[in-house]
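Visitor: Okay, here's the structure, questions in a sec.
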Amino acid sequence: MAQKPSIPKGTRDFSPEEVNKRNYIFEIIKRNFVKYGFQPIETPSFENYETLMGKYGEEGDRLIFKILNSGDFLSKVKDDTFAEKDSQKMTPQIVEKALRYDLTVPFARYVVQHQNEIEFPFKRYQIQPVWRADRPQKGRFREFYQCDADVIGSESLWQEVELVQLYDDVFTDLKLGGTSIKFNNRKILTGMAEVIGESDKLIDFTVALDKLDKIGKDGVINEMLSKDISQEAIEKINPIFDAKGDNKAKLEVLNTILKESTIGQKGIEEVQFILDTLQEIPLQSATLELDITLARGLNYYTGAIFEVAAPENVKMGSIGGGGRYDDLTGIFGLKNMSGVGISFGLDRIYLVLEELGLFPTSAEAKTKIIFINFGEKEALYALKAITKLRKENISAELYPDAAKMKKQMNYANKREIPFVVLAGTSEIEAEQFTLKNMKTGEQELVDFEGLKSRILDYV
RNA sequence: GUGGUUGUAGCUCAGUUGGUUAGAGCGCCUGAUUGUGGUUCAGGAGGUCGUCGGUUCGAGACCGAUCUUCCACCCCA
């Protein structure tokens, strides 16, 4: 090899084994999406630059992969822009497409564009890769899959309840116990900012608050101070730093702090509703935890916010997230469309399942039987049997070349194919097959029905 | 975007203060065994030491740049 080929930073190739395991997760998620009445859509991998920019905050804009225009794009740049050598200023003049950053904004665009064909409330699911120009690290890639389910066109809180159930159903099916669905409400955070008189610094406030369990109370206070949030303001919400215990205890703290805030009270009501309902219909394997410091960066959320934490013994960022956004389609010109949705981070779920050894062996769909190729006549005899086996939905193969026996056996062994058929002149004459069980090494002479039943018994 | 870290055979890794022809295990290929794999034995192939440049009589080793790996920050699935 002159030069070893490679793939871009933060991207991966997937081996057959890995794809099988990924499909296992995809299928469980998809099955549950369908079970809850969501319908699939797909959108292009790249959107117009303008569609994506400004929807994810400043940080998000930086992480969007931009696609350079085709042709002699530099000649179209204005001379003064060119002379300035300012990449940010030049970008809009040389870029008009970008890879999608998530599935929610493309979905909003889709809804606006197809509003006349859509029956609202519209429940859609979407499983596609997204791209971020981030620096890779544990559980973080530049290309990864999101599995989203959103409902748009209804303000009903029953949707929030159902989405929590959906999370629980998926993690239960994956046998992934111990996940924690953390939730909060943006109205509560807005209320807090309002009560302390720092409404204009809502984003800075929530971003700092979100780090409580990571950098501690002092760390959060320092960050807030550095963002010009006053000492008195921080004092006022001091109780939330120490709010511990169950959901009920936390709600009490909130009730005290947000007494004066209409929006804050609304948030508490919403949280209360979700908690009360799920008290009546308990979850199976996940726990629902009110986390009053949970903020999430995306600034389009307006109501409920969700984030799913992997089981405690696994070091991994969130494996899912979501929330309510009252005005996502507003930026594309469709007002009064409230939506709520959740997302599963497939690649992180994969890492968690791998670490905990939770992939079933059946996640590896394999060939069950392979026929040794002894030559033209024998191969035809074999292929006739294989054709019939495949009609029975049994994965069967013919070794394509009349290679040495040793080589063919070796191939079967390496591929972990459980049965090998040897059918030469004598078997053909007797309309039989020599079936070898690769695990035990035993061989027996059987007819076609015998072949079929041995394999079906094995599975 | 900031800081650190990694790169030697297909894989996992040795390689002494800079000194002949860069090693091991596993894997791979061939044969023992032309209708029997996984075990055993014998033999064999495979490396511009990530890349480019510099220091030196001499660089896998030292220096610089760059790419890549992993990790932390920022942010996030």
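FYI, nothing fancy with the structure tokens labels: chains A, B, ... in order, residues from 1 per chain, ligands from 1 as they appear.
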Might you pull out every residue within 12 Å of range 28-37 of chain A, with only C-alpha atoms (C1' of nucleotides) counted and same-chain residues fewer than 5 positions away left off, and present them as a PyMOL selection string?

Guide: chain A and resi 21-23+121-128+146-151+159+161-175+341-346+349+363

Visitor: What lies within 12 Å of Ala249 in chain A using only C-alpha atoms (C1' of nucleotides), ignoring chain neighbours under 2 positions off, as a PDB file with N, CA and C atoms, in the first residue's frame?

Guide:
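Saved as selection_16.pdb:
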```pdb
ATOM      1  N   PRO A 239     -32.016  28.634  47.488  1.00  0.00           N
ATOM      2  CA  PRO A 239     -32.590  27.336  47.906  1.00  0.00           C
ATOM      3  C   PRO A 239     -32.541  26.257  46.825  1.00  0.00           C
ATOM      4  N   ILE A 240     -32.583  26.652  45.554  1.00  0.00           N
ATOM      5  CA  ILE A 240     -32.608  25.592  44.530  1.00  0.00           C
ATOM      6  C   ILE A 240     -31.282  24.867  44.419  1.00  0.00           C
ATOM      7  N   ASP A 242     -29.652  23.781  46.817  1.00  0.00           N
ATOM      8  CA  ASP A 242     -29.616  22.747  47.853  1.00  0.00           C
ATOM      9  C   ASP A 242     -30.854  21.859  47.829  1.00  0.00           C
ATOM     10  N   ALA A 243     -31.729  22.086  46.821  1.00  0.00           N
ATOM     11  CA  ALA A 243     -32.957  21.296  46.764  1.00  0.00           C
ATOM     12  C   ALA A 243     -32.614  19.843  46.480  1.00  0.00           C
ATOM     13  N   LYS A 244     -32.865  19.012  47.470  1.00  0.00           N
ATOM     14  CA  LYS A 244     -32.568  17.585  47.280  1.00  0.00           C
ATOM     15  C   LYS A 244     -33.824  16.776  47.552  1.00  0.00           C
ATOM     16  N   GLY A 245     -33.681  15.477  47.493  1.00  0.00           N
ATOM     17  CA  GLY A 245     -34.787  14.603  47.840  1.00  0.00           C
ATOM     18  C   GLY A 245     -35.672  14.281  46.660  1.00  0.00           C
ATOM     19  N   ASP A 246     -36.895  13.880  46.965  1.00  0.00           N
ATOM     20  CA  ASP A 246     -37.770  13.406  45.897  1.00  0.00           C
ATOM     21  C   ASP A 246     -38.408  14.568  45.140  1.00  0.00           C
ATOM     22  N   ASN A 247     -39.154  14.188  44.118  1.00  0.00           N
ATOM     23  CA  ASN A 247     -39.762  15.187  43.253  1.00  0.00           C
ATOM     24  C   ASN A 247     -40.663  16.141  44.025  1.00  0.00           C
ATOM     25  N   LEU A 251     -40.515  20.253  44.289  1.00  0.00           N
ATOM     26  CA  LEU A 251     -41.640  21.091  43.884  1.00  0.00           C
ATOM     27  C   LEU A 251     -41.968  22.119  44.960  1.00  0.00           C
ATOM     28  N   GLU A 252     -41.818  21.703  46.209  1.00  0.00           N
ATOM     29  CA  GLU A 252     -42.095  22.639  47.295  1.00  0.00           C
ATOM     30  C   GLU A 252     -41.135  23.813  47.272  1.00  0.00           C
ATOM     31  N   VAL A 253     -39.873  23.509  47.065  1.00  0.00           N
ATOM     32  CA  VAL A 253     -38.879  24.578  46.959  1.00  0.00           C
ATOM     33  C   VAL A 253     -39.266  25.540  45.838  1.00  0.00           C
ATOM     34  N   LEU A 254     -39.638  24.949  44.717  1.00  0.00           N
ATOM     35  CA  LEU A 254     -40.005  25.784  43.564  1.00  0.00           C
ATOM     36  C   LEU A 254     -41.219  26.642  43.870  1.00  0.00           C
ATOM     37  N   ASN A 255     -42.204  26.041  44.512  1.00  0.00           N
ATOM     38  CA  ASN A 255     -43.412  26.776  44.855  1.00  0.00           C
ATOM     39  C   ASN A 255     -43.112  28.014  45.670  1.00  0.00           C
ATOM     40  N   THR A 256     -42.183  27.868  46.597  1.00  0.00           N
ATOM     41  CA  THR A 256     -41.809  29.002  47.446  1.00  0.00           C
ATOM     42  C   THR A 256     -41.138  30.090  46.619  1.00  0.00           C
ATOM     43  N   GLU A 289     -37.214  11.724  37.023  1.00  0.00           N
ATOM     44  CA  GLU A 289     -36.673  12.561  38.078  1.00  0.00           C
ATOM     45  C   GLU A 289     -36.753  14.034  37.704  1.00  0.00           C
ATOM     46  N   LEU A 290     -37.437  14.787  38.515  1.00  0.00           N
ATOM     47  CA  LEU A 290     -37.485  16.226  38.303  1.00  0.00           C
ATOM     48  C   LEU A 290     -36.125  16.806  38.657  1.00  0.00           C
ATOM     49  N   ASP A 291     -35.517  17.438  37.682  1.00  0.00           N
ATOM     50  CA  ASP A 291     -34.201  18.037  37.920  1.00  0.00           C
ATOM     51  C   ASP A 291     -34.320  19.529  37.634  1.00  0.00           C
ATOM     52  N   ILE A 292     -34.442  20.296  38.693  1.00  0.00           N
ATOM     53  CA  ILE A 292     -34.761  21.711  38.493  1.00  0.00           C
ATOM     54  C   ILE A 292     -33.568  22.524  38.001  1.00  0.00           C
TER      55      ILE A 292
END
```

Visitor: Could you please tell me, as a ChimeraX atom specification, which residues of chain A have an atom within 6 Å of chain B when using only C-alpha atoms (C1' of nucleotides)?

Guide: /A:319-320,345,409-410,413

Visitor: Print the selection's residues with C-alpha atoms to a file, as a CSV table (one decimal), in the first residue's frame.

Guide:
```csv
chain,number,residue,atom,x,y,z
A,319,ILE,CA,-28.3,9.2,25.6
A,320,GLY,CA,-31.4,11.1,24.7
A,345,GLY,CA,-28.8,9.0,20.6
A,409,MET,CA,-14.3,-25.7,5.6
A,410,ASN,CA,-12.1,-23.1,7.0
A,413,ASN,CA,-15.5,-22.2,10.5
```

Visitor: When you count only C-alpha atoms (C1' of nucleotides), which of these residues is closest to G23 in chain B: B:G54, B:G47, B:G4, B:C41?

Guide: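 For G23 in chain B, the nearest of the given residues is B:G47.
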
Visitor: Check range 87-236 of chain A with DSSP on the backbone and list each residue it calls strand (DSSP E or B), as a PyMOL selection string.

Guide: chain A and resi 95-99+122-131+137+140+143-152+180-185

Visitor: Take the residues from that selection and write them out as a CSV table (one decimal), in the first residue's frame, keeping N, CA, C and O atoms.

Guide:
```csv
chain,number,residue,atom,x,y,z
A,95,VAL,N,-21.0,30.0,0.6
A,95,VAL,CA,-21.7,28.8,1.1
A,95,VAL,C,-23.2,29.0,1.0
A,95,VAL,O,-23.7,30.0,1.4
A,96,GLU,N,-23.9,28.1,0.4
A,96,GLU,CA,-25.4,28.2,0.4
A,96,GLU,C,-26.1,26.9,0.8
A,96,GLU,O,-27.3,26.8,0.9
A,97,LYS,N,-25.2,25.9,1.3
A,97,LYS,CA,-25.8,24.6,1.7
A,97,LYS,C,-25.0,24.2,3.0
A,97,LYS,O,-23.8,24.5,3.1
A,98,ALA,N,-25.6,23.4,3.9
A,98,ALA,CA,-24.9,22.9,5.0
A,98,ALA,C,-25.5,21.6,5.5
A,98,ALA,O,-26.7,21.3,5.2
A,99,LEU,N,-24.7,20.7,6.1
A,99,LEU,CA,-25.2,19.4,6.5
A,99,LEU,C,-26.1,19.6,7.7
A,99,LEU,O,-25.8,20.5,8.6
A,122,PHE,N,-49.6,16.3,13.9
A,122,PHE,CA,-48.7,15.4,13.1
A,122,PHE,C,-47.7,14.7,14.0
A,122,PHE,O,-46.9,15.4,14.6
A,123,LYS,N,-47.7,13.4,14.0
A,123,LYS,CA,-46.7,12.7,14.7
A,123,LYS,C,-45.8,12.0,13.8
A,123,LYS,O,-46.2,11.1,13.0
A,124,ARG,N,-44.5,12.5,13.8
A,124,ARG,CA,-43.6,11.9,12.9
A,124,ARG,C,-42.4,11.3,13.6
A,124,ARG,O,-42.0,11.8,14.7
A,125,TYR,N,-41.8,10.3,13.0
A,125,TYR,CA,-40.5,9.9,13.5
A,125,TYR,C,-39.5,9.9,12.4
A,125,TYR,O,-39.9,9.9,11.2
A,126,GLN,N,-38.2,10.1,12.8
A,126,GLN,CA,-37.2,10.2,11.8
A,126,GLN,C,-35.9,9.7,12.3
A,126,GLN,O,-35.5,10.0,13.4
A,127,ILE,N,-35.3,8.8,11.6
A,127,ILE,CA,-34.0,8.1,12.0
A,127,ILE,C,-33.0,8.4,10.9
A,127,ILE,O,-33.1,7.7,9.9
A,128,GLN,N,-32.1,9.3,11.2
A,128,GLN,CA,-31.1,9.6,10.1
A,128,GLN,C,-29.9,10.2,10.8
A,128,GLN,O,-29.9,10.6,11.9
A,129,PRO,N,-28.8,10.2,10.1
A,129,PRO,CA,-27.6,10.7,10.6
A,129,PRO,C,-27.6,12.3,10.7
A,129,PRO,O,-28.2,12.9,9.8
A,130,VAL,N,-26.8,12.8,11.6
A,130,VAL,CA,-26.6,14.3,11.6
A,130,VAL,C,-25.1,14.5,11.8
A,130,VAL,O,-24.4,13.6,12.1
A,131,TRP,N,-24.7,15.7,11.5
A,131,TRP,CA,-23.3,16.0,11.5
A,131,TRP,C,-23.0,17.3,12.3
A,131,TRP,O,-23.7,18.3,12.3
A,137,GLN,N,-14.7,13.0,21.1
A,137,GLN,CA,-14.2,12.5,22.4
A,137,GLN,C,-15.2,11.3,22.7
A,137,GLN,O,-15.9,10.9,21.9
A,140,ARG,N,-18.7,11.0,21.5
A,140,ARG,CA,-19.0,12.2,20.6
A,140,ARG,C,-18.4,12.0,19.3
A,140,ARG,O,-17.2,11.8,19.2
A,143,GLU,N,-20.2,12.4,13.0
A,143,GLU,CA,-21.4,11.9,12.2
A,143,GLU,C,-22.0,10.9,13.2
A,143,GLU,O,-21.4,10.0,13.6
A,144,PHE,N,-23.3,11.1,13.5
A,144,PHE,CA,-24.0,10.2,14.4
A,144,PHE,C,-25.4,10.2,14.1
A,144,PHE,O,-25.9,11.1,13.4
A,145,TYR,N,-26.1,9.1,14.6
A,145,TYR,CA,-27.6,9.0,14.3
A,145,TYR,C,-28.4,9.5,15.4
A,145,TYR,O,-28.1,9.3,16.6
A,146,GLN,N,-29.5,10.2,15.0
A,146,GLN,CA,-30.5,10.6,16.0
A,146,GLN,C,-31.8,9.9,15.6
A,146,GLN,O,-32.0,9.7,14.4
A,147,CYS,N,-32.5,9.5,16.6
A,147,CYS,CA,-33.8,8.9,16.3
A,147,CYS,C,-34.8,9.7,17.0
A,147,CYS,O,-35.0,9.7,18.2
A,148,ASP,N,-35.6,10.5,16.3
A,148,ASP,CA,-36.5,11.5,16.8
A,148,ASP,C,-37.9,11.1,16.7
A,148,ASP,O,-38.3,10.6,15.6
A,149,ALA,N,-38.7,11.4,17.7
A,149,ALA,CA,-40.2,11.3,17.6
A,149,ALA,C,-40.7,12.7,18.1
A,149,ALA,O,-40.4,13.1,19.2
A,150,ASP,N,-41.5,13.3,17.2
A,150,ASP,CA,-42.1,14.6,17.6
A,150,ASP,C,-43.6,14.6,17.3
A,150,ASP,O,-44.0,14.0,16.3
A,151,VAL,N,-44.3,15.4,18.0
A,151,VAL,CA,-45.7,15.7,17.7
A,151,VAL,C,-45.8,17.2,17.5
A,151,VAL,O,-45.4,17.9,18.4
A,152,ILE,N,-46.4,17.6,16.4
A,152,ILE,CA,-46.6,19.0,16.2
A,152,ILE,C,-48.0,19.3,16.0
A,152,ILE,O,-48.7,18.5,15.3
A,180,SER,N,-32.3,7.1,33.8
A,180,SER,CA,-33.0,8.1,34.5
A,180,SER,C,-33.5,9.2,33.6
A,180,SER,O,-32.7,9.8,32.8
A,181,ILE,N,-34.8,9.4,33.5
A,181,ILE,CA,-35.3,10.4,32.6
A,181,ILE,C,-35.4,11.7,33.5
A,181,ILE,O,-36.3,11.8,34.3
A,182,LYS,N,-34.5,12.6,33.2
A,182,LYS,CA,-34.5,13.8,34.0
A,182,LYS,C,-35.4,14.8,33.2
A,182,LYS,O,-35.3,14.9,32.0
A,183,PHE,N,-36.2,15.5,33.9
A,183,PHE,CA,-37.0,16.5,33.2
A,183,PHE,C,-37.2,17.8,34.0
A,183,PHE,O,-37.0,17.8,35.2
A,184,ASN,N,-37.5,18.8,33.3
A,184,ASN,CA,-37.7,20.1,33.9
A,184,ASN,C,-38.6,20.9,33.0
A,184,ASN,O,-39.1,20.3,32.0
A,185,ASN,N,-38.8,22.2,33.3
A,185,ASN,CA,-39.7,22.9,32.4
A,185,ASN,C,-39.1,24.3,32.2
A,185,ASN,O,-38.7,25.0,33.2
```

Visitor: If I take CA of Ala385 in chain A and CA of Asn373 in chain A, how far is one from the other in Å, to one decimal?

Guide: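 Straight-line distance from CA of Ala385 in chain A to CA of Asn373 in chain A works out to 12.9 Å.
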